[in-house]
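> Sharing a structure, written as structure tokens. Questions coming.
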Amino acid sequence: MARGKQIYEGKAKILYEGPEPGTLIQFFKDDATAFNNQKHSVLEGKGVLNNRISEFVMLGLERIGIPTHFIKRINMREQLIRHVEIIPLEVVVRNVAAGSICKRLGIKEGEALPRSVVEFYYKDDKLGDPMVGEDHITAWGWASPQEIDDMMAYALRVNDYLSGLFATAHIRLIDFKLEFGRQYEGDLVRLILADEISPDGCRLWDLESGEIMDKDRFRRDLGDVVEGYREVARRLGILRNDEEPKDNGKGPKLVSSNGESTS
Ligand code: UDP
């Protein structure tokens, strides 16, 4: 599929114009960054895994009625998506204390929260993505009260779905980040899930040992970062146990749901 000109390059992805109006091609890079870009590495094979994991999760969410930007995977590193106007908020759902909430509220890492909580962060690298409340969001017009309600409701439904999905893979979903966008269809505006859902934006711990299988392996210099992501993909049934993860000789071979090799 022919991709058009590059319209955006982020830390882990590049967006190109898609083949039809209203579509984009999302390319997954191997780059990993942390601590507001202060730490950077190229982790060979990460983009291929995130492309496939995000496809798998987005398709599952569509099946339970959550609208997403995902249309189809094109190849090992690219997917066709709907063009949306990104809402400049990161929506974080937490089930267990980890990362920034531990410091902010003085909670021990690993402590279960009284219930799942949803938080909003304003997307601005210069400011280090500060946490914001509903009043800030509506005062500055980043999202309407209705959009805030919809994002919270979707986020909790995504949390229920993902918690179950990962639990069957023997993985505990600690927290994760979502992004939403507006899709314009004539006079109508539709809120849909955008970006990606992958170990780059989730905390995933082995259900029994608590072993970290997400981007914290990179943040904390634990090593075997891509191996953690690959194990997530394997447990979700995306990769076969015996597969060597190489595309053009450098990424995972993909399997369809019936176990046959795909493109
Ligand atoms: N997260 C993300 N992008 C960000 C900030 C956070 O994907 O810019 C994810 C992160 O991977 C974790 C969750 O959101 O799964 C909560 O992150 P937290 O606020 O604890 O921040 P961190 O400690 O990761 O900086």
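By order of appearance in the structure tokens: chains A, B, ..., then residues from 1 within every chain, and ligands from 1 in the order shown.
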Give me, as a Markdown table, the closest atom pair and its distance (Å, one decimal) for every residue of chain A within a cut-off of 6 Å of ligand 1, counting only C-alpha atoms and all ligand atoms, rows sorted by chain and rising number.

| residue | atom | partner | partner_atom_place_in_ligand_line | distance |
| --- | --- | --- | --- | --- |
| A:Val92 | CA | ligand 1 | 14 (O) | 5.5 |
| A:Ala98 | CA | ligand 1 | 20 (O) | 5.8 |
| A:Gly99 | CA | ligand 1 | 23 (O) | 3.4 |
| A:Ser100 | CA | ligand 1 | 20 (O) | 3.9 |
| A:Ile101 | CA | ligand 1 | 20 (O) | 5.8 |
| A:Asp175 | CA | ligand 1 | 15 (O) | 4.8 |
| A:Phe176 | CA | ligand 1 | 15 (O) | 3.9 |
| A:Lys177 | CA | ligand 1 | 14 (O) | 4.2 |
| A:Asp200 | CA | ligand 1 | 11 (O) | 5.8 |
| A:Gly201 | CA | ligand 1 | 7 (O) | 3.3 |
| A:Cys202 | CA | ligand 1 | 15 (O) | 3.6 |
| A:Arg203 | CA | ligand 1 | 15 (O) | 4.4 |
> List the neighbours of region 53-61 of chain A out to 10 Å using only C-alpha atoms; skip same-chain residues closer than 4 positions along the sequence, and give me the result as a PyMOL selection string.
chain A and resi 47-49+65-73+79+157-158+161-162+165+193-199+229-230+232-234+236-239
> Save the residues we just selected, N, CA and C atoms, as a tab-separated table (two decimals), in the first residue's frame?

chain	number	residue	atom	x	y	z
A	47	GLY	N	9.16	-2.31	17.59
A	47	GLY	CA	8.08	-1.76	16.77
A	47	GLY	C	7.21	-2.85	16.16
A	48	VAL	N	7.86	-3.92	15.73
A	48	VAL	CA	7.13	-5.04	15.13
A	48	VAL	C	6.18	-5.66	16.16
A	49	LEU	N	6.66	-5.83	17.37
A	49	LEU	CA	5.83	-6.42	18.42
A	49	LEU	C	4.69	-5.49	18.81
A	65	GLY	N	-17.43	-3.26	21.19
A	65	GLY	CA	-18.18	-2.04	20.92
A	65	GLY	C	-17.46	-0.74	21.26
A	66	ILE	N	-16.14	-0.82	21.43
A	66	ILE	CA	-15.40	0.43	21.68
A	66	ILE	C	-14.80	0.90	20.35
A	67	PRO	N	-15.20	2.09	19.88
A	67	PRO	CA	-14.69	2.53	18.58
A	67	PRO	C	-13.21	2.90	18.66
A	68	THR	N	-12.42	2.45	17.69
A	68	THR	CA	-10.99	2.76	17.68
A	68	THR	C	-10.59	3.29	16.31
A	69	HIS	N	-9.38	3.81	16.23
A	69	HIS	CA	-8.89	4.34	14.95
A	69	HIS	C	-8.34	3.24	14.05
A	70	PHE	N	-8.22	2.02	14.58
A	70	PHE	CA	-7.57	0.93	13.84
A	70	PHE	C	-8.44	0.45	12.68
A	71	ILE	N	-7.88	0.38	11.49
A	71	ILE	CA	-8.60	-0.20	10.34
A	71	ILE	C	-8.02	-1.57	10.01
A	72	LYS	N	-6.73	-1.63	9.68
A	72	LYS	CA	-6.10	-2.94	9.46
A	72	LYS	C	-4.58	-2.83	9.52
A	73	ARG	N	-3.96	-3.96	9.81
A	73	ARG	CA	-2.50	-3.99	9.77
A	73	ARG	C	-2.08	-4.20	8.33
A	79	GLN	N	0.29	0.09	10.18
A	79	GLN	CA	-1.15	-0.17	10.18
A	79	GLN	C	-1.89	1.03	9.62
A	157	ARG	N	-14.11	0.71	30.67
A	157	ARG	CA	-14.46	-0.50	29.90
A	157	ARG	C	-13.21	-1.15	29.31
A	158	VAL	N	-12.30	-0.31	28.82
A	158	VAL	CA	-11.03	-0.86	28.29
A	158	VAL	C	-10.30	-1.57	29.43
A	161	TYR	N	-11.84	-4.96	30.06
A	161	TYR	CA	-11.52	-5.90	28.98
A	161	TYR	C	-10.05	-6.34	29.08
A	162	LEU	N	-9.16	-5.35	29.21
A	162	LEU	CA	-7.72	-5.67	29.23
A	162	LEU	C	-7.33	-6.47	30.46
A	165	LEU	N	-8.29	-9.96	29.68
A	165	LEU	CA	-7.45	-10.49	28.59
A	165	LEU	C	-6.07	-10.88	29.13
A	193	LEU	N	-10.98	5.77	20.23
A	193	LEU	CA	-9.69	5.44	20.84
A	193	LEU	C	-8.60	5.54	19.77
A	194	ALA	N	-7.47	6.16	20.10
A	194	ALA	CA	-6.42	6.36	19.11
A	194	ALA	C	-5.08	5.81	19.62
A	195	ASP	N	-3.99	6.21	19.00
A	195	ASP	CA	-2.63	5.86	19.43
A	195	ASP	C	-2.39	4.36	19.38
A	196	GLU	N	-1.89	3.78	20.44
A	196	GLU	CA	-1.58	2.34	20.47
A	196	GLU	C	-1.84	1.82	21.87
A	197	ILE	N	-2.03	0.51	21.98
A	197	ILE	CA	-2.05	-0.12	23.30
A	197	ILE	C	-1.02	-1.23	23.22
A	198	SER	N	0.07	-1.05	23.96
A	198	SER	CA	1.21	-1.98	23.87
A	198	SER	C	1.99	-1.89	25.18
A	199	PRO	N	2.99	-2.74	25.35
A	199	PRO	CA	3.78	-2.67	26.60
A	199	PRO	C	4.54	-1.34	26.76
A	229	TYR	N	8.42	-7.90	25.95
A	229	TYR	CA	7.31	-7.61	25.03
A	229	TYR	C	6.95	-8.89	24.26
A	230	ARG	N	8.00	-9.61	23.85
A	230	ARG	CA	7.78	-10.83	23.05
A	230	ARG	C	7.03	-11.87	23.88
A	232	VAL	N	4.90	-11.20	26.25
A	232	VAL	CA	3.50	-10.74	26.29
A	232	VAL	C	2.79	-11.22	25.02
A	233	ALA	N	3.42	-11.00	23.86
A	233	ALA	CA	2.81	-11.40	22.58
A	233	ALA	C	2.60	-12.92	22.53
A	234	ARG	N	3.58	-13.66	23.02
A	234	ARG	CA	3.46	-15.12	23.02
A	234	ARG	C	2.29	-15.57	23.87
A	236	LEU	N	-0.31	-13.96	24.71
A	236	LEU	CA	-1.61	-13.57	24.15
A	236	LEU	C	-1.96	-14.44	22.94
A	237	GLY	N	-1.01	-15.29	22.53
A	237	GLY	CA	-1.28	-16.18	21.39
A	237	GLY	C	-0.97	-15.54	20.06
A	238	ILE	N	-0.25	-14.41	20.10
A	238	ILE	CA	0.07	-13.71	18.86
A	238	ILE	C	1.27	-14.35	18.17
A	239	LEU	N	2.23	-14.80	18.97
A	239	LEU	CA	3.41	-15.46	18.42
A	239	LEU	C	3.44	-16.90	18.91
> Select, from A:Ala167, A:Lys123, A:Asp129, A:Leu113, the residue with the minimum atom-to-atom distance to Arg235 (chain A), counting only C-alpha atoms.
A:Ala167
> Between A:Arg77, A:Lys5, A:Arg240, A:Lys108, which residue has the minimum interatomic distance to Lys29 (chain A), considering only C-alpha atoms?
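Of all the options, A:Arg77 lies closest to Lys29 (chain A).
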> Which residue, A:Ala12, A:Ala155, A:Cys102, A:Ile25, has the smallest gap to Asn75 (chain A) when you use only C-alpha atoms?
A:Ile25
> Per DSSP on the backbone, filter region 46-156 of chain A down to the residues in strand (DSSP E) and report them as a PyMOL selection string.
chain A and resi 70-73+78-82+85-86+89-96+112-122+131-132
> Those same residues - C-alpha atoms - I'd like them written as a PDB file, in the first residue's frame.

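Saved file again28.pdb follows:
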ATOM      1  CA  PHE A  70      -7.567   0.933  13.842  1.00  0.00           C
ATOM      2  CA  ILE A  71      -8.600  -0.198  10.344  1.00  0.00           C
ATOM      3  CA  LYS A  72      -6.104  -2.940   9.459  1.00  0.00           C
ATOM      4  CA  ARG A  73      -2.498  -3.995   9.771  1.00  0.00           C
ATOM      5  CA  GLU A  78       2.576  -0.382   9.629  1.00  0.00           C
ATOM      6  CA  GLN A  79      -1.148  -0.172  10.184  1.00  0.00           C
ATOM      7  CA  LEU A  80      -3.899   1.739   8.435  1.00  0.00           C
ATOM      8  CA  ILE A  81      -5.784   4.006  10.845  1.00  0.00           C
ATOM      9  CA  ARG A  82      -8.516   6.638  10.805  1.00  0.00           C
ATOM     10  CA  GLU A  85      -7.919  15.154  15.808  1.00  0.00           C
ATOM     11  CA  ILE A  86      -6.009  14.039  18.874  1.00  0.00           C
ATOM     12  CA  LEU A  89      -4.717  14.407  27.065  1.00  0.00           C
ATOM     13  CA  GLU A  90      -3.224  11.165  28.290  1.00  0.00           C
ATOM     14  CA  VAL A  91      -5.862   9.131  30.073  1.00  0.00           C
ATOM     15  CA  VAL A  92      -4.273   6.823  32.640  1.00  0.00           C
ATOM     16  CA  VAL A  93      -6.128   4.007  34.384  1.00  0.00           C
ATOM     17  CA  ARG A  94      -4.562   2.464  37.484  1.00  0.00           C
ATOM     18  CA  ASN A  95      -5.420  -0.733  39.326  1.00  0.00           C
ATOM     19  CA  VAL A  96      -2.248  -1.155  41.380  1.00  0.00           C
ATOM     20  CA  ALA A 112      -3.833  -2.574  45.111  1.00  0.00           C
ATOM     21  CA  LEU A 113      -5.817   0.663  44.845  1.00  0.00           C
ATOM     22  CA  PRO A 114      -9.203   0.830  46.643  1.00  0.00           C
ATOM     23  CA  ARG A 115     -10.749   0.845  43.147  1.00  0.00           C
ATOM     24  CA  SER A 116      -9.582   1.554  39.610  1.00  0.00           C
ATOM     25  CA  VAL A 117      -8.830   5.238  39.168  1.00  0.00           C
ATOM     26  CA  VAL A 118      -8.745   7.351  36.011  1.00  0.00           C
ATOM     27  CA  GLU A 119      -6.370  10.299  35.718  1.00  0.00           C
ATOM     28  CA  PHE A 120      -5.801  12.941  33.039  1.00  0.00           C
ATOM     29  CA  TYR A 121      -2.445  14.411  32.010  1.00  0.00           C
ATOM     30  CA  TYR A 122      -2.031  17.350  29.648  1.00  0.00           C
ATOM     31  CA  MET A 131      -1.586  15.945  35.750  1.00  0.00           C
ATOM     32  CA  VAL A 132      -4.764  18.001  35.303  1.00  0.00           C
TER      33      VAL A 132
END
> Skip Asp206 (chain A) itself and residues of its chain fewer than 5 positions away, then list as a list in words all residues within 7 Å of it, counting only C-alpha atoms.
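Near Asp206 (chain A), the qualifying residues are His170, Ile171, Arg172, Glu211 and Ile212 of chain A.
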> Using N, CA and C atoms, can you write the selected residues to a file as a short mmCIF file (atom, residue, chain, number, x, y, z; two decimals), in the first residue's frame?

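Once written, out11.cif looks like this:
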data_model
loop_
_atom_site.label_atom_id
_atom_site.label_comp_id
_atom_site.auth_asym_id
_atom_site.auth_seq_id
_atom_site.Cartn_x
_atom_site.Cartn_y
_atom_site.Cartn_z
N HIS A 170 -1.94 -14.85 32.21
CA HIS A 170 -1.13 -14.88 33.43
C HIS A 170 -0.35 -13.60 33.65
N ILE A 171 -0.98 -12.50 33.27
CA ILE A 171 -0.34 -11.19 33.40
C ILE A 171 -1.27 -10.27 34.19
N ARG A 172 -0.68 -9.50 35.11
CA ARG A 172 -1.47 -8.57 35.91
C ARG A 172 -1.35 -7.17 35.29
N GLU A 211 7.24 -10.46 37.85
CA GLU A 211 8.27 -10.02 36.91
C GLU A 211 7.70 -8.97 35.95
N ILE A 212 8.50 -7.94 35.71
CA ILE A 212 8.06 -6.82 34.85
C ILE A 212 8.24 -7.21 33.39
#
> So the first atom is CA of Pro21 (chain A) and the second is CA of Gly186 (chain A); what is the distance between them in Å, to one decimal place?
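If I compute the distance from CA of Pro21 (chain A) to CA of Gly186 (chain A), I get 13.3 Å.
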> Between CA of Gln38 (chain A) and CA of Lys126 (chain A), what is the distance in Å, rounded to a tenth?
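Taking CA of Gln38 (chain A) and CA of Lys126 (chain A), their separation equals 12.2 Å.
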> Quick one, how far is CA of Gly164 (chain A) from CA of Ile64 (chain A)?
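Answer for the CA of Gly164 (chain A) to CA of Ile64 (chain A) separation: 12.9 Å.
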> Using only C-alpha atoms, pick whichever of A:Ala2, A:Ala34, A:Val226, A:Leu43 has the shortest atom-to-atom distance to Ile74 (chain A).
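The answer is A:Ala2, which sits nearest to Ile74 (chain A).
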> If DSSP is run on the backbone, what residues of region 34-176 of chain A are alpha helix (DSSP H)? A reply as a VMD selection string would be ideal.
chain A and resid 46 to 63 100 to 105 134 to 139 145 to 168
